[in-house]
Amino acid sequence: MSIKIMAVNAGSSSLKFKLYQMPEETIICSGIADRIGHDDGIFKISFAGQTVKKILPLPNHAVGVKLLLESLIDYKILNSLNEIGGIGHRVVQGGKYFSDSAIFNDDTEAKITSLIPLAPLHNKAHLVGFHAFKDVLPDVPAVAVFDTAFHQTMEPQDFLFPIPYEYYEQYDIRRYGAHGTSHKYLGEEAAKLIPEVSHPRVISCHIGSGASITAIRDGKCVATSMGLTPLGGIMMGTRTGDLDPSVMMYACKCTGKDVYEMYDIFNKKSGLLGVSGISNDTRDIEEATEKGNIQADITNKLFARRVADFIGQYFVRLGGADIIVFSAGIGENSGFYREIICDQIGEALGVKINRELNLPLRGKTEIISTPDSKIKVAVIPTDEEIMIARDVVRLLKLN
Ligand code: AMP
């Protein structure tokens, strides 16, 4: 049966969407309602080789959804909204409750709501997005696809923190990970690049403004870098990643700020932005490096070191590695960052990349290691939306 599925990623101030024809997996249209909450909101929709962009007030998510659904009819993308057979919503935090995607019902919604403290901006926004669609399309079934679900296969020694055990038992304080849908996709796609390996060991590096690294064996997550919240793991655009926990207390003492203010700084003013003092965007930092900015250079080295340390850790955790994958904004686009990361792991792991293959921006899957590299290295553009659409079809038994 051929059916149309909407994949939705609602953030705090944006709502991205992609409409698929399934199971063919063809994209019918895609776009974004951005700057939600602003008078100069941006609505963009691409279909049949054209893109329409409007600047208009987008006071809330519901207005964005209404605009999207009206556009589907106005631009004759659909004849009727009844053609939409299912909607998949990305949900960042599924906590201990979800090791797979789940059909939206009262129980699913109550659990997502109860997890808001673990992902305050994200989970709240996902529910707002869910309701905005439900109000207009009350009879279309919806599925929640959790970023954390893929990481639920970790063993206790990989997900526990060395704090009093009752904090785990009573408060569920543990590592949940993030970007699971992306890592799952990257694990599957990476395995296709090494068909000769029967039990693939993949280290997937999802490195965008948020970033995480995952060790995948036989398609299952065994370890991942993000922690209780998306603040943990490697250094990110504005987030610290892992720190000595005493940094929090001592930085508060030195600055006179309280833990909430410092937590905000660790989330929004640290990482690439905090260290470079320039930007959270690697393009700006690369440019400053080229102009000889010393702080930008140190930022790059720290960033590469943090990523390399996790790759090394996961090489050990997996008992070796067959392929290392780079993906997301930095991983897909920046040959410079891929190179400085691979330089850090090259000697120990025997990783060699072809510098010519590495540099061009390609937007497609590409093996960038040399034939004599001990571990293959690949760039794979991630595709969380297709994973969402596939899960909607699977859970709603639409195939
Ligand atoms: P994401 O969160 O995956 O969308 O990644 C966004 C980040 O990717 C940006 O903040 C930049 O740091 C980085 N980025 C995106 N495009 C490029 C590019 N062409 N070159 C270098 N870095 C890029």
# chains A, B, ... in the order shown; residues from 1 in each chain; ligands from 1
$ residues_near_ligand --ligand "ligand 1" --cutoff "7 Å" --atoms "only C-alpha atoms and all ligand atoms" --output "PyMOL selection string"
chain A and resi 207-210+237+280-283+328-330+333-334
$ residues_around --residues "Leu318 (chain A)" --least-positions-apart "2" --cutoff "9 Å" --atoms "only C-alpha atoms" --output "short mmCIF file (atom, residue, chain, number, x, y, z; two decimals) with N, CA, C and O atoms, in the first residue's frame"
data_model
loop_
_atom_site.label_atom_id
_atom_site.label_comp_id
_atom_site.auth_asym_id
_atom_site.auth_seq_id
_atom_site.Cartn_x
_atom_site.Cartn_y
_atom_site.Cartn_z
N ARG A 201 31.64 -3.17 13.45
CA ARG A 201 31.90 -2.30 14.60
C ARG A 201 32.03 -0.88 14.05
O ARG A 201 32.98 -0.58 13.33
N VAL A 202 31.06 -0.06 14.40
CA VAL A 202 30.96 1.28 13.82
C VAL A 202 31.15 2.33 14.92
O VAL A 202 30.55 2.21 15.99
N ILE A 203 31.96 3.33 14.65
CA ILE A 203 32.01 4.50 15.54
C ILE A 203 31.39 5.65 14.76
O ILE A 203 31.94 6.09 13.74
N ALA A 215 29.24 4.14 19.86
CA ALA A 215 29.86 2.87 19.48
C ALA A 215 28.75 1.88 19.18
O ALA A 215 27.87 1.65 20.03
N ILE A 216 28.77 1.32 17.96
CA ILE A 216 27.68 0.45 17.51
C ILE A 216 28.26 -0.90 17.10
O ILE A 216 29.19 -0.96 16.30
N ARG A 217 27.74 -1.96 17.69
CA ARG A 217 28.16 -3.29 17.28
C ARG A 217 26.94 -4.07 16.80
O ARG A 217 25.92 -4.08 17.47
N VAL A 222 26.29 0.26 21.90
CA VAL A 222 26.88 -0.25 23.13
C VAL A 222 27.37 0.88 24.04
O VAL A 222 27.50 0.69 25.25
N GLN A 313 38.35 5.84 22.94
CA GLN A 313 37.62 5.12 23.99
C GLN A 313 36.71 4.05 23.36
O GLN A 313 36.64 2.92 23.83
N TYR A 314 36.04 4.42 22.29
CA TYR A 314 35.09 3.48 21.69
C TYR A 314 35.79 2.41 20.85
O TYR A 314 35.25 1.32 20.67
N PHE A 315 36.96 2.74 20.36
CA PHE A 315 37.78 1.72 19.70
C PHE A 315 38.07 0.59 20.70
O PHE A 315 37.93 -0.59 20.39
N VAL A 316 38.41 0.98 21.91
CA VAL A 316 38.67 -0.01 22.96
C VAL A 316 37.38 -0.72 23.34
O VAL A 316 37.33 -1.95 23.46
N GLY A 320 38.11 -2.81 18.80
CA GLY A 320 38.55 -2.47 17.43
C GLY A 320 37.41 -1.76 16.73
O GLY A 320 36.35 -1.53 17.32
N ALA A 321 37.65 -1.37 15.50
CA ALA A 321 36.57 -0.70 14.75
C ALA A 321 36.76 -0.99 13.28
O ALA A 321 37.89 -1.13 12.80
#
$ residues_around --residues "Leu396 (chain A)" --least-positions-apart "5" --cutoff "12 Å" --atoms "only C-alpha atoms" --output "list in words"
Ile3, Ile5, Gly85, Gly86, Ile87, Gly88, Ser101, Ala102, Ile103, Phe104, Val140, Pro141, Ala142, Val143, Ala144, Ala389, Arg390 and Asp391 of chain A
$ write_last_selection --atoms "N, CA, C and O atoms" --output "compact mmCIF listing (two decimals), in the first residue's frame"
# COMPACT_ATOMS: atom_id res chain seq x y z
N ILE A 3 1.41 5.16 0.74
CA ILE A 3 0.78 6.08 1.69
C ILE A 3 1.68 7.29 1.95
O ILE A 3 2.89 7.19 1.80
N ILE A 5 3.32 10.00 4.48
CA ILE A 5 3.68 10.11 5.89
C ILE A 5 4.41 11.43 6.12
O ILE A 5 5.33 11.77 5.39
N GLY A 85 -1.47 9.66 5.86
CA GLY A 85 -1.87 8.44 6.58
C GLY A 85 -1.28 8.33 7.97
O GLY A 85 -1.73 7.54 8.79
N GLY A 86 -0.24 9.11 8.26
CA GLY A 86 0.37 9.02 9.58
C GLY A 86 1.38 10.15 9.76
O GLY A 86 1.90 10.69 8.78
N ILE A 87 1.62 10.50 11.03
CA ILE A 87 2.57 11.58 11.33
C ILE A 87 3.58 11.04 12.34
O ILE A 87 3.20 10.39 13.32
N GLY A 88 4.84 11.31 12.08
CA GLY A 88 5.88 10.90 13.02
C GLY A 88 6.52 12.13 13.64
O GLY A 88 6.89 13.06 12.93
N SER A 101 10.16 3.31 19.12
CA SER A 101 9.17 4.35 18.88
C SER A 101 7.82 3.88 19.44
O SER A 101 7.64 2.69 19.70
N ALA A 102 6.89 4.81 19.62
CA ALA A 102 5.61 4.44 20.23
C ALA A 102 4.48 5.23 19.59
O ALA A 102 4.65 6.40 19.23
N ILE A 103 3.32 4.56 19.46
CA ILE A 103 2.14 5.26 18.95
C ILE A 103 1.71 6.28 20.01
O ILE A 103 1.70 5.99 21.21
N PHE A 104 1.38 7.48 19.55
CA PHE A 104 0.92 8.52 20.49
C PHE A 104 -0.45 8.14 21.04
O PHE A 104 -1.40 7.90 20.30
N VAL A 140 -5.75 11.43 12.31
CA VAL A 140 -4.54 10.85 11.71
C VAL A 140 -3.64 10.34 12.84
O VAL A 140 -3.26 11.10 13.73
N PRO A 141 -3.32 9.04 12.82
CA PRO A 141 -2.50 8.50 13.92
C PRO A 141 -1.09 9.08 13.90
O PRO A 141 -0.55 9.40 12.84
N ALA A 142 -0.52 9.22 15.10
CA ALA A 142 0.83 9.79 15.21
C ALA A 142 1.73 8.85 16.00
O ALA A 142 1.28 8.10 16.86
N VAL A 143 3.01 8.94 15.69
CA VAL A 143 4.01 8.09 16.33
C VAL A 143 5.12 8.98 16.89
O VAL A 143 5.51 9.95 16.24
N ALA A 144 5.57 8.65 18.10
CA ALA A 144 6.71 9.37 18.68
C ALA A 144 7.97 8.56 18.41
O ALA A 144 8.00 7.36 18.69
N ALA A 389 9.83 8.36 9.25
CA ALA A 389 8.77 7.89 8.34
C ALA A 389 8.70 6.35 8.32
O ALA A 389 7.62 5.77 8.34
N ARG A 390 9.86 5.71 8.34
CA ARG A 390 9.87 4.24 8.34
C ARG A 390 9.21 3.70 9.61
O ARG A 390 8.48 2.71 9.57
N ASP A 391 9.50 4.35 10.74
CA ASP A 391 8.92 3.87 12.00
C ASP A 391 7.41 4.09 12.05
O ASP A 391 6.68 3.30 12.65
$ select_by_dssp --residues "region 14-77 of chain A" --states "helix (DSSP H, G or I)" --output "ChimeraX atom specification"
/A:61-74
$ select_by_dssp --residues "region 170-282 of chain A" --states "strand (DSSP E)" --output "MDAnalysis selection string"
chainID A and resid 201:207 211:217 220:224
$ residues_around --residues "Lys66 (chain A)" --least-positions-apart "2" --cutoff "12 Å" --atoms "only C-alpha atoms" --output "PDB file with all heavy atoms, in the first residue's frame"
ATOM      1  N   LEU A  15       9.843  24.425  13.369  1.00  0.00           N
ATOM      2  CA  LEU A  15       9.172  23.151  13.100  1.00  0.00           C
ATOM      3  C   LEU A  15       9.563  22.723  11.683  1.00  0.00           C
ATOM      4  O   LEU A  15       9.222  23.393  10.715  1.00  0.00           O
ATOM      5  CB  LEU A  15       7.649  23.317  13.232  1.00  0.00           C
ATOM      6  CG  LEU A  15       6.821  22.035  13.113  1.00  0.00           C
ATOM      7  CD1 LEU A  15       5.658  22.075  14.103  1.00  0.00           C
ATOM      8  CD2 LEU A  15       6.299  21.832  11.707  1.00  0.00           C
ATOM      9  N   ALA A  33       9.055  25.886   9.413  1.00  0.00           N
ATOM     10  CA  ALA A  33       8.506  27.121   9.972  1.00  0.00           C
ATOM     11  C   ALA A  33       9.529  27.546  11.020  1.00  0.00           C
ATOM     12  O   ALA A  33       9.732  26.838  12.006  1.00  0.00           O
ATOM     13  CB  ALA A  33       7.145  26.865  10.610  1.00  0.00           C
ATOM     14  N   PHE A  43       8.625  31.006   6.799  1.00  0.00           N
ATOM     15  CA  PHE A  43       8.016  29.743   6.388  1.00  0.00           C
ATOM     16  C   PHE A  43       8.553  29.378   5.010  1.00  0.00           C
ATOM     17  O   PHE A  43       8.500  30.199   4.083  1.00  0.00           O
ATOM     18  CB  PHE A  43       6.488  29.849   6.336  1.00  0.00           C
ATOM     19  CG  PHE A  43       5.840  28.569   5.898  1.00  0.00           C
ATOM     20  CD1 PHE A  43       5.722  27.506   6.779  1.00  0.00           C
ATOM     21  CD2 PHE A  43       5.391  28.406   4.594  1.00  0.00           C
ATOM     22  CE1 PHE A  43       5.158  26.299   6.376  1.00  0.00           C
ATOM     23  CE2 PHE A  43       4.827  27.198   4.182  1.00  0.00           C
ATOM     24  CZ  PHE A  43       4.707  26.155   5.084  1.00  0.00           C
ATOM     25  N   LEU A  58       4.776  34.501  13.023  1.00  0.00           N
ATOM     26  CA  LEU A  58       4.494  33.112  13.419  1.00  0.00           C
ATOM     27  C   LEU A  58       4.423  33.091  14.947  1.00  0.00           C
ATOM     28  O   LEU A  58       5.402  32.765  15.617  1.00  0.00           O
ATOM     29  CB  LEU A  58       5.600  32.171  12.927  1.00  0.00           C
ATOM     30  CG  LEU A  58       5.674  31.857  11.436  1.00  0.00           C
ATOM     31  CD1 LEU A  58       6.894  30.984  11.114  1.00  0.00           C
ATOM     32  CD2 LEU A  58       4.405  31.155  10.953  1.00  0.00           C
ATOM     33  N   PRO A  59       3.271  33.505  15.503  1.00  0.00           N
ATOM     34  CA  PRO A  59       3.190  33.647  16.960  1.00  0.00           C
ATOM     35  C   PRO A  59       3.389  32.346  17.721  1.00  0.00           C
ATOM     36  O   PRO A  59       3.902  32.357  18.838  1.00  0.00           O
ATOM     37  CB  PRO A  59       1.783  34.208  17.199  1.00  0.00           C
ATOM     38  CG  PRO A  59       1.028  33.996  15.933  1.00  0.00           C
ATOM     39  CD  PRO A  59       2.034  33.917  14.826  1.00  0.00           C
ATOM     40  N   ASN A  60       2.997  31.212  17.130  1.00  0.00           N
ATOM     41  CA  ASN A  60       3.180  29.936  17.828  1.00  0.00           C
ATOM     42  C   ASN A  60       3.240  28.783  16.813  1.00  0.00           C
ATOM     43  O   ASN A  60       3.068  28.975  15.612  1.00  0.00           O
ATOM     44  CB  ASN A  60       2.034  29.711  18.833  1.00  0.00           C
ATOM     45  CG  ASN A  60       0.674  29.867  18.156  1.00  0.00           C
ATOM     46  OD1 ASN A  60       0.454  29.300  17.091  1.00  0.00           O
ATOM     47  ND2 ASN A  60      -0.203  30.661  18.762  1.00  0.00           N
ATOM     48  N   HIS A  61       3.483  27.570  17.348  1.00  0.00           N
ATOM     49  CA  HIS A  61       3.624  26.394  16.476  1.00  0.00           C
ATOM     50  C   HIS A  61       2.338  26.111  15.692  1.00  0.00           C
ATOM     51  O   HIS A  61       2.392  25.669  14.544  1.00  0.00           O
ATOM     52  CB  HIS A  61       3.990  25.163  17.305  1.00  0.00           C
ATOM     53  CG  HIS A  61       5.384  25.172  17.813  1.00  0.00           C
ATOM     54  ND1 HIS A  61       5.808  26.020  18.809  1.00  0.00           N
ATOM     55  CD2 HIS A  61       6.478  24.448  17.448  1.00  0.00           C
ATOM     56  CE1 HIS A  61       7.090  25.806  19.048  1.00  0.00           C
ATOM     57  NE2 HIS A  61       7.528  24.862  18.241  1.00  0.00           N
ATOM     58  N   ALA A  62       1.199  26.355  16.343  1.00  0.00           N
ATOM     59  CA  ALA A  62      -0.085  26.048  15.703  1.00  0.00           C
ATOM     60  C   ALA A  62      -0.228  26.837  14.399  1.00  0.00           C
ATOM     61  O   ALA A  62      -0.713  26.317  13.390  1.00  0.00           O
ATOM     62  CB  ALA A  62      -1.229  26.361  16.649  1.00  0.00           C
ATOM     63  N   VAL A  63       0.218  28.083  14.411  1.00  0.00           N
ATOM     64  CA  VAL A  63       0.139  28.913  13.200  1.00  0.00           C
ATOM     65  C   VAL A  63       1.042  28.318  12.112  1.00  0.00           C
ATOM     66  O   VAL A  63       0.667  28.256  10.935  1.00  0.00           O
ATOM     67  CB  VAL A  63       0.527  30.381  13.510  1.00  0.00           C
ATOM     68  CG1 VAL A  63       0.570  31.210  12.236  1.00  0.00           C
ATOM     69  CG2 VAL A  63      -0.439  30.987  14.508  1.00  0.00           C
ATOM     70  N   GLY A  64       2.210  27.865  12.505  1.00  0.00           N
ATOM     71  CA  GLY A  64       3.132  27.238  11.556  1.00  0.00           C
ATOM     72  C   GLY A  64       2.521  25.993  10.931  1.00  0.00           C
ATOM     73  O   GLY A  64       2.608  25.783   9.716  1.00  0.00           O
ATOM     74  N   LEU A  68       1.441  25.293   7.033  1.00  0.00           N
ATOM     75  CA  LEU A  68       1.959  24.132   6.311  1.00  0.00           C
ATOM     76  C   LEU A  68       0.802  23.364   5.661  1.00  0.00           C
ATOM     77  O   LEU A  68       0.847  23.067   4.456  1.00  0.00           O
ATOM     78  CB  LEU A  68       2.726  23.226   7.279  1.00  0.00           C
ATOM     79  CG  LEU A  68       2.869  21.748   6.880  1.00  0.00           C
ATOM     80  CD1 LEU A  68       3.641  21.596   5.584  1.00  0.00           C
ATOM     81  CD2 LEU A  68       3.578  20.967   7.980  1.00  0.00           C
ATOM     82  N   LEU A  69      -0.234  23.085   6.436  1.00  0.00           N
ATOM     83  CA  LEU A  69      -1.334  22.274   5.906  1.00  0.00           C
ATOM     84  C   LEU A  69      -2.089  23.037   4.811  1.00  0.00           C
ATOM     85  O   LEU A  69      -2.479  22.445   3.795  1.00  0.00           O
ATOM     86  CB  LEU A  69      -2.262  21.840   7.042  1.00  0.00           C
ATOM     87  CG  LEU A  69      -1.570  20.915   8.081  1.00  0.00           C
ATOM     88  CD1 LEU A  69      -2.493  20.620   9.258  1.00  0.00           C
ATOM     89  CD2 LEU A  69      -1.089  19.613   7.444  1.00  0.00           C
ATOM     90  N   GLU A  70      -2.247  24.340   5.009  1.00  0.00           N
ATOM     91  CA  GLU A  70      -2.894  25.146   3.948  1.00  0.00           C
ATOM     92  C   GLU A  70      -2.050  25.135   2.674  1.00  0.00           C
ATOM     93  O   GLU A  70      -2.572  25.038   1.562  1.00  0.00           O
ATOM     94  CB  GLU A  70      -3.073  26.598   4.420  1.00  0.00           C
ATOM     95  CG  GLU A  70      -4.275  26.779   5.327  1.00  0.00           C
ATOM     96  CD  GLU A  70      -4.277  28.160   6.010  1.00  0.00           C
ATOM     97  OE1 GLU A  70      -3.433  29.026   5.650  1.00  0.00           O
ATOM     98  OE2 GLU A  70      -5.112  28.329   6.904  1.00  0.00           O
ATOM     99  N   SER A  71      -0.734  25.223   2.853  1.00  0.00           N
ATOM    100  CA  SER A  71       0.165  25.240   1.689  1.00  0.00           C
ATOM    101  C   SER A  71       0.060  23.943   0.898  1.00  0.00           C
ATOM    102  O   SER A  71       0.163  23.953  -0.335  1.00  0.00           O
ATOM    103  CB  SER A  71       1.621  25.428   2.126  1.00  0.00           C
ATOM    104  OG  SER A  71       1.750  26.603   2.845  1.00  0.00           O
ATOM    105  N   LEU A  72      -0.122  22.829   1.606  1.00  0.00           N
ATOM    106  CA  LEU A  72      -0.215  21.537   0.914  1.00  0.00           C
ATOM    107  C   LEU A  72      -1.371  21.541  -0.076  1.00  0.00           C
ATOM    108  O   LEU A  72      -1.278  20.981  -1.167  1.00  0.00           O
ATOM    109  CB  LEU A  72      -0.400  20.395   1.926  1.00  0.00           C
ATOM    110  CG  LEU A  72       0.762  20.140   2.891  1.00  0.00           C
ATOM    111  CD1 LEU A  72       0.414  19.018   3.868  1.00  0.00           C
ATOM    112  CD2 LEU A  72       2.040  19.804   2.138  1.00  0.00           C
ATOM    113  N   ILE A  73      -2.454  22.203   0.314  1.00  0.00           N
ATOM    114  CA  ILE A  73      -3.635  22.278  -0.565  1.00  0.00           C
ATOM    115  C   ILE A  73      -3.446  23.405  -1.596  1.00  0.00           C
ATOM    116  O   ILE A  73      -3.632  23.197  -2.799  1.00  0.00           O
ATOM    117  CB  ILE A  73      -4.920  22.527   0.256  1.00  0.00           C
ATOM    118  CG1 ILE A  73      -5.105  21.407   1.306  1.00  0.00           C
ATOM    119  CG2 ILE A  73      -6.147  22.671  -0.646  1.00  0.00           C
ATOM    120  CD1 ILE A  73      -5.274  20.014   0.742  1.00  0.00           C
ATOM    121  N   ASP A  74      -3.044  24.608  -1.110  1.00  0.00           N
ATOM    122  CA  ASP A  74      -2.912  25.767  -2.005  1.00  0.00           C
ATOM    123  C   ASP A  74      -1.968  25.487  -3.177  1.00  0.00           C
ATOM    124  O   ASP A  74      -2.221  25.903  -4.300  1.00  0.00           O
ATOM    125  CB  ASP A  74      -2.382  26.987  -1.238  1.00  0.00           C
ATOM    126  CG  ASP A  74      -3.416  27.518  -0.270  1.00  0.00           C
ATOM    127  OD1 ASP A  74      -4.582  27.052  -0.353  1.00  0.00           O
ATOM    128  OD2 ASP A  74      -3.057  28.356   0.579  1.00  0.00           O
ATOM    129  N   LEU A  81      -6.217  16.754   2.768  1.00  0.00           N
ATOM    130  CA  LEU A  81      -5.350  16.412   3.896  1.00  0.00           C
ATOM    131  C   LEU A  81      -5.570  14.968   4.344  1.00  0.00           C
ATOM    132  O   LEU A  81      -4.745  14.394   5.049  1.00  0.00           O
ATOM    133  CB  LEU A  81      -5.595  17.380   5.064  1.00  0.00           C
ATOM    134  CG  LEU A  81      -5.206  18.845   4.791  1.00  0.00           C
ATOM    135  CD1 LEU A  81      -5.525  19.720   5.997  1.00  0.00           C
ATOM    136  CD2 LEU A  81      -3.718  18.961   4.434  1.00  0.00           C
ATOM    137  N   GLY A 129       4.139  20.702  19.138  1.00  0.00           N
ATOM    138  CA  GLY A 129       4.039  20.317  17.724  1.00  0.00           C
ATOM    139  C   GLY A 129       3.009  19.223  17.524  1.00  0.00           C
ATOM    140  O   GLY A 129       2.179  19.284  16.601  1.00  0.00           O
ATOM    141  N   HIS A 131       0.384  18.535  19.363  1.00  0.00           N
ATOM    142  CA  HIS A 131      -0.982  19.061  19.530  1.00  0.00           C
ATOM    143  C   HIS A 131      -1.397  19.960  18.369  1.00  0.00           C
ATOM    144  O   HIS A 131      -2.569  19.958  17.967  1.00  0.00           O
ATOM    145  CB  HIS A 131      -1.112  19.792  20.873  1.00  0.00           C
ATOM    146  CG  HIS A 131      -1.285  18.822  21.996  1.00  0.00           C
ATOM    147  ND1 HIS A 131      -2.442  18.120  22.191  1.00  0.00           N
ATOM    148  CD2 HIS A 131      -0.423  18.396  22.933  1.00  0.00           C
ATOM    149  CE1 HIS A 131      -2.295  17.298  23.219  1.00  0.00           C
ATOM    150  NE2 HIS A 131      -1.076  17.445  23.683  1.00  0.00           N
ATOM    151  N   ALA A 132      -0.450  20.691  17.835  1.00  0.00           N
ATOM    152  CA  ALA A 132      -0.784  21.558  16.697  1.00  0.00           C
ATOM    153  C   ALA A 132      -1.296  20.716  15.521  1.00  0.00           C
ATOM    154  O   ALA A 132      -2.260  21.086  14.858  1.00  0.00           O
ATOM    155  CB  ALA A 132       0.444  22.379  16.295  1.00  0.00           C
ATOM    156  N   PHE A 133      -0.681  19.577  15.286  1.00  0.00           N
ATOM    157  CA  PHE A 133      -1.158  18.690  14.213  1.00  0.00           C
ATOM    158  C   PHE A 133      -2.462  17.996  14.604  1.00  0.00           C
ATOM    159  O   PHE A 133      -3.378  17.859  13.800  1.00  0.00           O
ATOM    160  CB  PHE A 133      -0.100  17.626  13.878  1.00  0.00           C
ATOM    161  CG  PHE A 133       0.917  18.097  12.883  1.00  0.00           C
ATOM    162  CD1 PHE A 133       2.108  18.659  13.306  1.00  0.00           C
ATOM    163  CD2 PHE A 133       0.678  17.998  11.515  1.00  0.00           C
ATOM    164  CE1 PHE A 133       3.052  19.119  12.406  1.00  0.00           C
ATOM    165  CE2 PHE A 133       1.606  18.451  10.596  1.00  0.00           C
ATOM    166  CZ  PHE A 133       2.799  19.015  11.039  1.00  0.00           C
ATOM    167  N   LYS A 134      -2.523  17.580  15.878  1.00  0.00           N
ATOM    168  CA  LYS A 134      -3.707  16.821  16.319  1.00  0.00           C
ATOM    169  C   LYS A 134      -4.976  17.680  16.246  1.00  0.00           C
ATOM    170  O   LYS A 134      -6.054  17.189  15.904  1.00  0.00           O
ATOM    171  CB  LYS A 134      -3.484  16.335  17.758  1.00  0.00           C
ATOM    172  CG  LYS A 134      -4.484  15.277  18.183  1.00  0.00           C
ATOM    173  CD  LYS A 134      -3.996  14.578  19.434  1.00  0.00           C
ATOM    174  CE  LYS A 134      -4.822  13.358  19.725  1.00  0.00           C
ATOM    175  NZ  LYS A 134      -6.039  13.494  20.347  1.00  0.00           N
ATOM    176  N   ASP A 135      -4.808  18.973  16.539  1.00  0.00           N
ATOM    177  CA  ASP A 135      -5.972  19.865  16.497  1.00  0.00           C
ATOM    178  C   ASP A 135      -6.568  19.923  15.092  1.00  0.00           C
ATOM    179  O   ASP A 135      -7.773  19.995  14.916  1.00  0.00           O
ATOM    180  CB  ASP A 135      -5.573  21.288  16.935  1.00  0.00           C
ATOM    181  CG  ASP A 135      -5.347  21.339  18.439  1.00  0.00           C
ATOM    182  OD1 ASP A 135      -5.725  20.360  19.119  1.00  0.00           O
ATOM    183  OD2 ASP A 135      -4.782  22.341  18.922  1.00  0.00           O
ATOM    184  N   VAL A 136      -5.700  19.918  14.089  1.00  0.00           N
ATOM    185  CA  VAL A 136      -6.192  20.033  12.711  1.00  0.00           C
ATOM    186  C   VAL A 136      -6.497  18.666  12.106  1.00  0.00           C
ATOM    187  O   VAL A 136      -7.417  18.529  11.296  1.00  0.00           O
ATOM    188  CB  VAL A 136      -5.149  20.767  11.820  1.00  0.00           C
ATOM    189  CG1 VAL A 136      -5.753  21.137  10.475  1.00  0.00           C
ATOM    190  CG2 VAL A 136      -4.635  22.022  12.516  1.00  0.00           C
ATOM    191  N   LEU A 137      -5.718  17.665  12.478  1.00  0.00           N
ATOM    192  CA  LEU A 137      -5.896  16.318  11.909  1.00  0.00           C
ATOM    193  C   LEU A 137      -6.138  15.315  13.043  1.00  0.00           C
ATOM    194  O   LEU A 137      -5.296  14.437  13.309  1.00  0.00           O
ATOM    195  CB  LEU A 137      -4.641  15.920  11.113  1.00  0.00           C
ATOM    196  CG  LEU A 137      -4.246  16.811   9.935  1.00  0.00           C
ATOM    197  CD1 LEU A 137      -2.883  16.406   9.382  1.00  0.00           C
ATOM    198  CD2 LEU A 137      -5.295  16.745   8.829  1.00  0.00           C
TER     199      LEU A 137
END
$ residues_around --residues "Ile32 (chain A)" --least-positions-apart "5" --cutoff "12 Å" --atoms "only C-alpha atoms" --output "list in words"
Ala7, Val8, Asn9, Ala10, Gly11, Ser13, Ser14, Leu15, Lys16, Phe17, Lys18, Leu19, Gly41, Ile42, Phe43, Lys44, Ile45, Ser46, Thr51, Val52, Lys53, Lys54, Ile55, Leu58, His61, Gly64, Val65, Leu67 and Leu68 of chain A
$ residues_around --residues "Lys220 (chain A)" --least-positions-apart "4" --cutoff "10 Å" --atoms "only C-alpha atoms" --output "number ranges by chain"
A: 150-154, 183-184, 187-188, 200-202, 214-216
$ atom_distance --atom1 "CA of Ile311 (chain A)" --atom2 "CA of Lys268 (chain A)"
24.9 Å
$ atom_distance --atom1 "CA of Val351 (chain A)" --atom2 "CA of Ile324 (chain A)"
9.4 Å
$ closest_residue --among "A:Asp242, A:Glu24, A:Pro57, A:Ser327" --to "Asp39 (chain A)" --atoms "only C-alpha atoms"
A:Pro57
$ residues_around --residues "region 360-374 of chain A" --least-positions-apart "2" --cutoff "12 Å" --atoms "only C-alpha atoms" --output "JSON, numbers by chain"
{"A": [186, 189, 190, 192, 193, 194, 320, 321, 322, 323, 324, 325, 326, 327, 328, 329, 330, 331, 332, 333, 334, 335, 336, 338, 339, 342, 345, 346, 347, 348, 349, 350, 351, 352, 353, 354, 355, 356, 357, 358, 376, 377, 378, 379, 380, 381, 382, 383]}
$ closest_residue --among "A:Ile27, A:Cys252, A:Val145, A:Ile173" --to "Pro117 (chain A)" --atoms "only C-alpha atoms"
A:Ile173
$ closest_residue --among "A:Val247, A:Lys96, A:Phe47, A:Ser12" --to "Glu169 (chain A)" --atoms "only C-alpha atoms"
A:Lys96
$ closest_residue --among "A:Ile298, A:Val92, A:Ile375, A:Ile234" --to "Pro120 (chain A)" --atoms "only C-alpha atoms"
A:Val92
$ decode --residues "region 119-124 of chain A" --atoms "N, CA, C and O atoms" --output "tab-separated table (two decimals), in the first residue's frame"
chain	number	residue	atom	x	y	z
A	119	ALA	N	14.63	17.26	29.45
A	119	ALA	CA	14.87	17.94	28.16
A	119	ALA	C	13.86	19.06	28.05
A	119	ALA	O	12.93	19.02	27.24
A	120	PRO	N	14.02	20.08	28.88
A	120	PRO	CA	12.97	21.10	29.04
A	120	PRO	C	12.57	21.78	27.73
A	120	PRO	O	11.39	21.90	27.43
A	121	LEU	N	13.53	22.20	26.95
A	121	LEU	CA	13.19	22.91	25.71
A	121	LEU	C	12.61	21.95	24.69
A	121	LEU	O	11.60	22.23	24.05
A	122	HIS	N	13.24	20.80	24.56
A	122	HIS	CA	12.87	19.88	23.48
A	122	HIS	C	11.51	19.20	23.69
A	122	HIS	O	10.62	19.33	22.87
A	123	ASN	N	11.38	18.45	24.80
A	123	ASN	CA	10.15	17.65	24.95
A	123	ASN	C	8.90	18.52	24.95
A	123	ASN	O	7.87	18.14	24.41
A	124	LYS	N	9.01	19.68	25.56
A	124	LYS	CA	7.87	20.59	25.60
A	124	LYS	C	7.49	20.99	24.16
A	124	LYS	O	6.32	20.97	23.77
